[in-house]
Amino acid sequence: MKFIHISDVHLGVAPDAGSDWSEKRKHSIWDTFAETVAEAGRRQVDFLLISGDLFHRQPLKRELKEVNYLFGKIPNVKVLLMAGNHDYMQPKSYYRGFEWAENVSFFEKEEVTAFDFPEENVTVYGMSYWHRELPERLYDQIRIADHSRINILLAHGKDERHIPFSSKELVGRGFDYVAAGHIHKGGQLVEKKAVMAGALEPTDCNDTGAHGYWMGEIQKNGRNVETELYFCPIKKCEYRHETVAVSSATTQYELENEIRKLVASGENYMLYRIFLEGYVDPDYAYDMERLTAIPQIVDVTEHLKPDYDFDKILSEQPDSLLGRYITRMQKLPQNRTSKKALEYGVNALLGHRICK
Amino acid sequence: MQIKEAKIFNFGKLQNRNFTFKDGINVIFGENEHGKTTLHAFLTGMLFGMEKTRGRAGKEDGYQRYEPWHAPSYYSGALRFTVGGQPFYLERNFYSKEKSEYLRNEADGEELNVAYGDLDMLLGGIGREEFGNTYDIPQSGAMTGHAMSELLANYLAEAEAGSDGKIHVLEAGKNLLARKKELLAEEKLGQEEKAEKIARRKVEADIIKENVSELRAQIRKFEEEQQELAKRLTDRREKRKQRFKTGIAGTILMGIVLAVCMVLYLSNQGRSQVLYVSIGAGILLTGAMFLTVVSAGKEKDEALSHAQAMLGQMKERLQESENELVNIKEELEELELPSASEEERRQDIEALELARMELERLSEEYYLEVADNLNAEISKWVSLLTNGTYDSARLGKDGRLWIVADNREMEPEALSRGTLEQIYLALRLAVGSVVMQEEDMPIFLDEAFAMYDDTRLAETLKALSKTGKQIFIFTCQKRECGLLEQGQIPYHLTRM
């Protein structure tokens with residue numbers, strides 16, 4: 001049995017609101033989904049598993065129709081679908097009573113049920129979210145009806161407010177493949193047995209790394225299960241968080257060059273969040289607008305600290321006002337605010353720029 | 001610091017003059033116009049430099065006052081002094097176009113760099129201003145309370161002389177506050193923009209809500225109407241059934257009548273044609289009536305299904321609106337959560353406030369501590385200089401000085417002019433000794449004792465001699481020397 005597993009498509013989301021490419025990305029997310037569905041048809045897989053959050057919010061009827069049309073075009077692929085916490089089935093949800101194409105099986109209930117496919121010897125367990133949050137461990141109660149079937153769980157959640165579960169435990173209980181969704185960073189939870197699909201395309205500039213779909217084949221003879229699994233990246237958009245080291249000697253042009261070089265070394269579908277790290281002259285301010293204007297840069301964040309050596313100041317002049325201030329601030333409970341206060345106070349005392 | 005020798009190459013009216021000085025009291029005696037003040041200016045100029053002020057303001061500055069009369073480009077001198085036991089040689093060319101300094105440690109021959117702050121370091125960070133406000137005591141030594149409080153504020157802020165002298169607590173506090181206000185304004189603006197966005201979405205939601213309730217009302221009305229229509233229709237159907245039955249019965253009856261007529265006609269040909277025609281017409285009429293009833297029923301059916309379609313559409317629209325409402329509600333919830341940058345800014349604001357408060361508390365503590373030291377020091381000097389007549393003085397927070405006598409605090413202005421001069425001399429010496437903890441500078445007294453009577457002057461000279469500091473008394477009177485000799489106080493005399 002061959003399958004494609006996707007999740008967290010978030011149709012309708014417009015990432016990086018306010019950026020030049022936000023609208024473009026919104027359309028790209030729809031297109032990528034359509035292409036993936038078509039790919040499932042082209043590759044002649046038996047199942048397309050969609051592990052929730054197909055939509056970013058409540059789907060409108062025409063949106064469901066669009067999706068259903070795409071499914072209808074691959075009649076030989078059995079589509080398994082559930083509502084996740086983002087597109088949860090509120091009382092008036094269009095998911096309720098929607099007439100899906102024949103090849104679509106939609107888990108309507110908020111309790112685990114199963115679709116059985118004797119021809120492929122497959123049973124798929126799953127359920128839909130009727131609420132935005134579901135902290136109960138609902139997957140722990142599933143009893144597998146027939147262990148000779150290839151048993152698949154279409155799961156959504158894993159964090160504490162969205163059906164926590166242990167993938168190892170589920171696999172141990174007899175699932176041959178746990179097709180999970182919800183966490184946008186994908187990966188194998190249990191090798192070849194449980195996969196967090198990750199978002200099909202990143203929906204936010206913090207969804208870093210590669211995104212795409214998983215393709216696999218499961219063969220089961222009695223107790224003997226053989227699984228092949230591949231991750232297929234979609235190279236349309238990938239966010240990267242990059243740290244650029246900065247020192248007092250770094251000039252604006254140097255920094256721009258550095259960032260341009262970084263962008264050039266990557267692919268043209270990559271978008272970057274840049275974090276400047278290091279110790280610099282507190283009065284030197286980089287022109288952030290110029291940095292952000294470099295193509296493929298989402299934003300630039302300064303994590304720069306003034307290049308003071310507090311210990312040195314303290315050892316040289318422990319009784320000066322400056323020394324006393326440092327001692328005093330270091331005695332306070334250390335948290336982000338008190339650390340900032342130390343930095344800003346010293347900046348002010350030395351007559352430097354206080355804070356960005 | 002001890003000044004050992006002053007070599008004037010060319011400075012004001014003095015050329016190629018050498019002066020040597022000793023530790024302890026040095027009296028520089030000379031009649032008016034003999035260059036006492038020029039020597040005084042030379043010494044401070046050597047220590048702190050002389051800048052030429054541009055333009056008109058320059059007319060009053062030291063540079064132009066002591067510019068050599070005949071050779072303005074030859075404007076220089078040298079100084080030998082010791083700091084911490086080490087001998088130094090300092091040479092300066094004051095000429096503004098060729099300004100240069102040369103500083104050397106005469107013990108090891110190491111050349112030092114004035115531009116890089118080596119001299120500042122030797123002077124313990126004391127600048128012309130600090131020196132001018134303390135140990136450089138002019139003819140009328142009284143200082144206004146304002147000048148003193150400014151000096152103290154600066155002193156308090158500038159930490160102990162060891163730091164790089166760039167610390168300004170008051171200004172730092174002000175700047176922290178200003179930055180906080182900027183961020184607060186930014187925050188307010190952001191919140192307003194957000195509120196506006198939220199308000200717009202809420203208005204949209206309200207419109208949809210109105211639509212929803214309107215749709216609901218319409219649907220209710222429609223459903224009622226439909227029910228009525230359906231009811232009427234069933235009534236009609238009943239009637240129709242009735243009519244149908246009647247029609248069938250009539251048709252059958254007519255058929256029977258027709259059959260009977262046919263039989264009669266066949267058996268009795270040629271009779272009463274009119275009767276047959278009327279019977280035929282009757283049958284047709286009945287048929288037509290029947291058809292009318294049936295077709296009317298069909299029309300009503302169509303109306304009903306049309307209404308049902310309308311109702312379906314309305315319900316569809318209602319569901320769409322209700323879904324949109326859920327989405328807007330979620331979006332609003334997300335909008336109301338603070339963004340990462342908003343949280344960062346909030347944190348910055350809190351940090352700025354924390355920094356400012358801690359700094360304020362710190363400077364207050366520091367002030368009290370320093371003020372205590374200062375009060376003790378002032379009291380000591382006041383007591384010493386007035387020979388115990390006044391034994392305690394206190395600096396107010398505003399920098400004003402209070403004198404305590406007979407358990408009563410009074411402002412120094414209430415005292416006699418002579419006493420006042422002494423008190424302020426005490427204050428200068430006290431502040432000086434606190435400010436110059438790193439390097440003890442010499443004390444310059446330029447005709448500072450004019451207002452003193454002999455007794456007071458004798459007391460003062462005695463007190464000064466006990467300090468162990470190097471003291472330069474510039475005077476045009478023989479009084480000081482006389483009193484020093486009377487008091488058996490050793491001194492070194494320089495005649496101009």
# chains A, B, ... in the order shown; residues from 1 in each chain; ligands from 1

call {"tool": "closest_atom_pairs", "arguments": {"of": "chain A", "to": "chain B", "cutoff": "6 Å", "atoms": "only C-alpha atoms", "output": "Markdown table"}}
result
| residue | atom | partner | partner_atom | distance |
| --- | --- | --- | --- | --- |
| A:Ser320 | CA | B:Ala159 | CA | 5.1 |
| A:Leu321 | CA | B:Ala159 | CA | 5.3 |
| A:Thr337 | CA | B:Ala351 | CA | 5.0 |
| A:Lys340 | CA | B:Ala351 | CA | 5.7 |
| A:Ala341 | CA | B:Ala351 | CA | 4.4 |
| A:Gly345 | CA | B:Ala355 | CA | 5.2 |
| A:Ala348 | CA | B:Ala172 | CA | 4.6 |
| A:Leu349 | CA | B:Ala172 | CA | 5.1 |
| A:Leu350 | CA | B:Ile167 | CA | 5.5 |

call {"tool": "residues_around", "arguments": {"residues": "range 80-95 of chain B", "least_positions_apart": "2", "cutoff": "8 Å", "atoms": "only C-alpha atoms", "output": "list in words"}}
result
Met1, Gln2, Ile3, Lys4, Glu5, Ala6, Met46, Gly49, Met50, Pro72, Ser73, Tyr74, Tyr75, Ser76, Gly77, Ala78, Lys97, Glu98, Lys99, Ser100, Glu101, Tyr102, Leu103, Arg104, Asn105, Glu106, Ala107, Leu122 and Glu439 of chain B

call {"tool": "residues_around", "arguments": {"residues": "range 60-68 of chain A", "least_positions_apart": "2", "cutoff": "9 Å", "atoms": "only C-alpha atoms", "output": "PyMOL selection string"}}
result
(chain A and resi 11+34+58+70-73+93-95+98-101+104) or (chain B and resi 316+320+323-324)

call {"tool": "residues_around", "arguments": {"residues": "His40 in chain B", "least_positions_apart": "3", "cutoff": "8 Å", "atoms": "only C-alpha atoms", "output": "compact mmCIF listing (two decimals) with N, CA and C atoms, in the first residue's frame"}}
result
# COMPACT_ATOMS: atom_id res chain seq x y z
N LYS B 36 52.94 88.91 39.33
CA LYS B 36 52.46 87.83 40.20
C LYS B 36 51.35 87.04 39.51
N THR B 37 50.37 87.80 39.02
CA THR B 37 49.21 87.16 38.40
C THR B 37 49.63 86.41 37.14
N LEU B 43 51.35 79.04 35.85
CA LEU B 43 51.32 77.75 36.54
C LEU B 43 50.05 76.96 36.17
N THR B 44 48.91 77.64 36.24
CA THR B 44 47.67 76.92 35.89
C THR B 44 47.66 76.58 34.41
N PHE B 444 46.60 77.42 45.50
CA PHE B 444 46.98 78.76 45.07
C PHE B 444 46.08 79.79 45.76
N ASP B 446 45.52 83.71 45.69
CA ASP B 446 45.91 84.93 44.99
C ASP B 446 45.27 86.13 45.67
N PHE B 474 50.13 84.33 46.72
CA PHE B 474 50.52 85.49 45.90
C PHE B 474 50.04 86.74 46.64

call {"tool": "atom_distance", "arguments": {"atom1": "CA of Val124 in chain A", "atom2": "CA of Leu153 in chain A"}}
result
5.7 Å

call {"tool": "residues_around", "arguments": {"residues": "range 241-246 of chain A", "least_positions_apart": "3", "cutoff": "6 Å", "atoms": "only C-alpha atoms", "output": "number ranges by chain"}}
result
A: 250, 272-278

call {"tool": "select_by_dssp", "arguments": {"residues": "range 17-173 of chain A", "states": "strand (DSSP E or B)", "output": "JSON, numbers by chain"}}
result
{"A": [47, 48, 49, 50, 55, 78, 79, 80, 81, 104, 105, 106, 113, 114, 115, 116, 117, 122, 123, 124, 125, 126, 134, 150, 151, 152, 153, 154, 155, 156, 162]}

call {"tool": "write_last_selection", "arguments": {"atoms": "N, CA and C atoms", "output": "mmCIF file, in the first residue's frame"}}
result
data_model
loop_
_atom_site.group_PDB
_atom_site.id
_atom_site.type_symbol
_atom_site.label_atom_id
_atom_site.label_comp_id
_atom_site.auth_asym_id
_atom_site.auth_seq_id
_atom_site.Cartn_x
_atom_site.Cartn_y
_atom_site.Cartn_z
ATOM 1 N N PHE A 47 -3.368 5.986 -0.833
ATOM 2 C CA PHE A 47 -3.973 6.851 0.176
ATOM 3 C C PHE A 47 -3.295 8.220 0.214
ATOM 4 N N LEU A 48 -4.113 9.221 0.448
ATOM 5 C CA LEU A 48 -3.590 10.555 0.761
ATOM 6 C C LEU A 48 -4.066 10.872 2.174
ATOM 7 N N LEU A 49 -3.119 10.928 3.102
ATOM 8 C CA LEU A 49 -3.469 11.135 4.512
ATOM 9 C C LEU A 49 -3.232 12.599 4.870
ATOM 10 N N ILE A 50 -4.282 13.255 5.333
ATOM 11 C CA ILE A 50 -4.152 14.687 5.670
ATOM 12 C C ILE A 50 -4.457 14.850 7.154
ATOM 13 N N PHE A 55 -7.128 23.811 6.797
ATOM 14 C CA PHE A 55 -7.431 25.244 6.698
ATOM 15 C C PHE A 55 -6.888 25.986 7.912
ATOM 16 N N LYS A 78 -7.533 7.186 -2.212
ATOM 17 C CA LYS A 78 -8.458 7.358 -1.085
ATOM 18 C C LYS A 78 -7.910 8.465 -0.182
ATOM 19 N N VAL A 79 -8.721 9.494 -0.008
ATOM 20 C CA VAL A 79 -8.277 10.648 0.774
ATOM 21 C C VAL A 79 -8.838 10.531 2.183
ATOM 22 N N LEU A 80 -7.982 10.614 3.188
ATOM 23 C CA LEU A 80 -8.461 10.592 4.575
ATOM 24 C C LEU A 80 -8.206 11.951 5.200
ATOM 25 N N LEU A 81 -9.247 12.474 5.814
ATOM 26 C CA LEU A 81 -9.239 13.879 6.183
ATOM 27 C C LEU A 81 -9.829 14.058 7.576
ATOM 28 N N VAL A 104 -13.282 10.308 -0.747
ATOM 29 C CA VAL A 104 -12.857 11.021 0.451
ATOM 30 C C VAL A 104 -13.531 10.425 1.681
ATOM 31 N N SER A 105 -12.729 10.117 2.689
ATOM 32 C CA SER A 105 -13.295 9.677 3.966
ATOM 33 C C SER A 105 -12.956 10.735 5.002
ATOM 34 N N PHE A 106 -13.994 11.336 5.545
ATOM 35 C CA PHE A 106 -13.798 12.420 6.499
ATOM 36 C C PHE A 106 -14.216 11.952 7.890
ATOM 37 N N THR A 113 -12.911 6.921 15.435
ATOM 38 C CA THR A 113 -13.630 5.907 14.660
ATOM 39 C C THR A 113 -12.646 5.387 13.615
ATOM 40 N N ALA A 114 -13.104 4.450 12.796
ATOM 41 C CA ALA A 114 -12.185 3.870 11.818
ATOM 42 C C ALA A 114 -12.860 3.711 10.462
ATOM 43 N N PHE A 115 -12.065 3.882 9.425
ATOM 44 C CA PHE A 115 -12.494 3.521 8.075
ATOM 45 C C PHE A 115 -11.709 2.272 7.687
ATOM 46 N N ASP A 116 -12.442 1.295 7.204
ATOM 47 C CA ASP A 116 -11.789 0.031 6.861
ATOM 48 C C ASP A 116 -11.737 -0.111 5.343
ATOM 49 N N PHE A 117 -10.588 -0.516 4.827
ATOM 50 C CA PHE A 117 -10.435 -0.710 3.387
ATOM 51 C C PHE A 117 -9.944 -2.124 3.145
ATOM 52 N N VAL A 122 -6.302 -2.270 4.822
ATOM 53 C CA VAL A 122 -5.904 -1.101 5.615
ATOM 54 C C VAL A 122 -7.070 -0.643 6.476
ATOM 55 N N THR A 123 -6.787 -0.295 7.731
ATOM 56 C CA THR A 123 -7.777 0.383 8.566
ATOM 57 C C THR A 123 -7.146 1.706 9.021
ATOM 58 N N VAL A 124 -7.892 2.791 8.838
ATOM 59 C CA VAL A 124 -7.387 4.103 9.287
ATOM 60 C C VAL A 124 -8.254 4.589 10.431
ATOM 61 N N TYR A 125 -7.620 4.840 11.566
ATOM 62 C CA TYR A 125 -8.314 5.371 12.732
ATOM 63 C C TYR A 125 -8.138 6.885 12.753
ATOM 64 N N GLY A 126 -9.125 7.562 13.303
ATOM 65 C CA GLY A 126 -8.979 9.017 13.396
ATOM 66 C C GLY A 126 -10.210 9.678 13.963
ATOM 67 N N LEU A 134 -8.041 20.480 23.059
ATOM 68 C CA LEU A 134 -8.490 19.162 23.506
ATOM 69 C C LEU A 134 -7.361 18.560 24.329
ATOM 70 N N ILE A 150 -3.169 -3.401 7.984
ATOM 71 C CA ILE A 150 -2.209 -2.313 8.155
ATOM 72 C C ILE A 150 -2.976 -1.216 8.893
ATOM 73 N N ASN A 151 -2.601 -0.972 10.156
ATOM 74 C CA ASN A 151 -3.364 -0.032 10.976
ATOM 75 C C ASN A 151 -2.671 1.331 11.027
ATOM 76 N N ILE A 152 -3.428 2.319 10.612
ATOM 77 C CA ILE A 152 -2.880 3.685 10.531
ATOM 78 C C ILE A 152 -3.685 4.580 11.454
ATOM 79 N N LEU A 153 -2.996 5.477 12.160
ATOM 80 C CA LEU A 153 -3.711 6.477 12.969
ATOM 81 C C LEU A 153 -3.477 7.855 12.354
ATOM 82 N N LEU A 154 -4.572 8.513 12.038
ATOM 83 C CA LEU A 154 -4.485 9.897 11.548
ATOM 84 C C LEU A 154 -4.604 10.785 12.792
ATOM 85 N N ALA A 155 -3.475 11.318 13.239
ATOM 86 C CA ALA A 155 -3.459 12.003 14.538
ATOM 87 C C ALA A 155 -3.153 13.485 14.365
ATOM 88 N N HIS A 156 -3.651 14.281 15.315
ATOM 89 C CA HIS A 156 -3.336 15.715 15.294
ATOM 90 C C HIS A 156 -3.133 16.163 16.733
ATOM 91 N N HIS A 162 -3.384 19.883 23.134
ATOM 92 C CA HIS A 162 -3.967 19.267 21.943
ATOM 93 C C HIS A 162 -3.624 17.787 21.905
#

call {"tool": "residues_around", "arguments": {"residues": "Arg17 in chain B", "least_positions_apart": "3", "cutoff": "10 Å", "atoms": "only C-alpha atoms", "output": "list in words"}}
result
Ala6, Lys7, Ile8, Phe9, Asn10, Phe11, Leu14, Leu39 and Gly77 of chain B

call {"tool": "decode", "arguments": {"residues": "range 403-436 of chain B", "atoms": "N, CA and C atoms", "output": "CSV table (one decimal), in the first residue's frame"}}
result
chain,number,residue,atom,x,y,z
B,403,ILE,N,26.0,77.1,58.7
B,403,ILE,CA,27.0,77.1,59.7
B,403,ILE,C,26.3,76.9,61.1
B,404,VAL,N,26.8,76.1,61.9
B,404,VAL,CA,26.2,75.9,63.2
B,404,VAL,C,27.1,76.6,64.3
B,405,ALA,N,26.4,77.4,65.0
B,405,ALA,CA,27.0,78.1,66.2
B,405,ALA,C,26.0,78.2,67.3
B,406,ASP,N,26.4,77.8,68.5
B,406,ASP,CA,25.5,77.8,69.6
B,406,ASP,C,24.2,77.0,69.3
B,407,ASN,N,24.4,75.9,68.7
B,407,ASN,CA,23.3,75.0,68.4
B,407,ASN,C,22.3,75.6,67.5
B,408,ARG,N,22.7,76.6,66.8
B,408,ARG,CA,21.8,77.3,65.8
B,408,ARG,C,22.4,77.2,64.4
B,409,GLU,N,21.5,76.9,63.5
B,409,GLU,CA,22.0,76.9,62.1
B,409,GLU,C,21.8,78.2,61.5
B,410,MET,N,22.8,78.7,60.8
B,410,MET,CA,22.5,80.0,60.1
B,410,MET,C,23.2,80.0,58.8
B,411,GLU,N,22.7,80.9,57.9
B,411,GLU,CA,23.3,81.0,56.6
B,411,GLU,C,24.6,81.8,56.8
B,412,PRO,N,25.6,81.4,56.0
B,412,PRO,CA,26.9,82.1,56.2
B,412,PRO,C,26.8,83.6,55.9
B,413,GLU,N,25.8,84.0,55.1
B,413,GLU,CA,25.7,85.4,54.7
B,413,GLU,C,25.4,86.3,55.9
B,414,ALA,N,24.9,85.6,57.0
B,414,ALA,CA,24.6,86.4,58.2
B,414,ALA,C,25.9,86.7,59.0
B,415,LEU,N,27.0,86.1,58.6
B,415,LEU,CA,28.3,86.3,59.3
B,415,LEU,C,29.0,87.5,58.7
B,416,SER,N,30.0,88.0,59.4
B,416,SER,CA,30.8,89.1,58.9
B,416,SER,C,31.5,88.7,57.6
B,417,ARG,N,31.9,89.7,56.8
B,417,ARG,CA,32.6,89.5,55.5
B,417,ARG,C,33.8,88.6,55.7
B,418,GLY,N,34.6,88.9,56.8
B,418,GLY,CA,35.9,88.2,57.0
B,418,GLY,C,35.6,86.8,57.3
B,419,THR,N,34.6,86.5,58.2
B,419,THR,CA,34.2,85.2,58.6
B,419,THR,C,33.7,84.4,57.4
B,420,LEU,N,32.9,85.1,56.6
B,420,LEU,CA,32.4,84.5,55.4
B,420,LEU,C,33.5,84.0,54.5
B,421,GLU,N,34.5,84.9,54.3
B,421,GLU,CA,35.6,84.5,53.4
B,421,GLU,C,36.3,83.2,54.0
B,422,GLN,N,36.4,83.2,55.3
B,422,GLN,CA,37.1,82.0,55.9
B,422,GLN,C,36.3,80.8,55.7
B,423,ILE,N,34.9,81.0,55.9
B,423,ILE,CA,34.1,79.8,55.8
B,423,ILE,C,34.1,79.2,54.4
B,424,TYR,N,34.1,80.2,53.4
B,424,TYR,CA,34.2,79.7,52.0
B,424,TYR,C,35.5,79.1,51.7
B,425,LEU,N,36.5,79.6,52.3
B,425,LEU,CA,37.9,79.0,52.1
B,425,LEU,C,37.9,77.6,52.6
B,426,ALA,N,37.2,77.5,53.8
B,426,ALA,CA,37.1,76.2,54.4
B,426,ALA,C,36.4,75.2,53.5
B,427,LEU,N,35.3,75.7,52.9
B,427,LEU,CA,34.5,74.9,52.0
B,427,LEU,C,35.3,74.5,50.8
B,428,ARG,N,36.1,75.4,50.2
B,428,ARG,CA,36.9,75.1,49.1
B,428,ARG,C,37.9,74.0,49.4
B,429,LEU,N,38.5,74.3,50.6
B,429,LEU,CA,39.6,73.3,51.0
B,429,LEU,C,39.0,71.9,51.3
B,430,ALA,N,37.8,72.0,51.9
B,430,ALA,CA,37.1,70.7,52.2
B,430,ALA,C,36.7,70.0,50.9
B,431,VAL,N,36.1,70.7,50.0
B,431,VAL,CA,35.6,70.1,48.8
B,431,VAL,C,36.9,69.6,48.0
B,432,GLY,N,37.9,70.4,48.0
B,432,GLY,CA,39.1,70.1,47.3
B,432,GLY,C,39.7,68.8,47.8
B,433,SER,N,39.7,68.7,49.2
B,433,SER,CA,40.4,67.5,49.7
B,433,SER,C,39.5,66.2,49.4
B,434,VAL,N,38.2,66.4,49.3
B,434,VAL,CA,37.4,65.2,48.9
B,434,VAL,C,37.6,64.9,47.5
B,435,VAL,N,37.5,66.0,46.6
B,435,VAL,CA,37.6,65.7,45.2
B,435,VAL,C,39.0,65.2,44.8
B,436,MET,N,40.0,65.8,45.4
B,436,MET,CA,41.4,65.4,45.0
B,436,MET,C,41.9,64.3,45.9
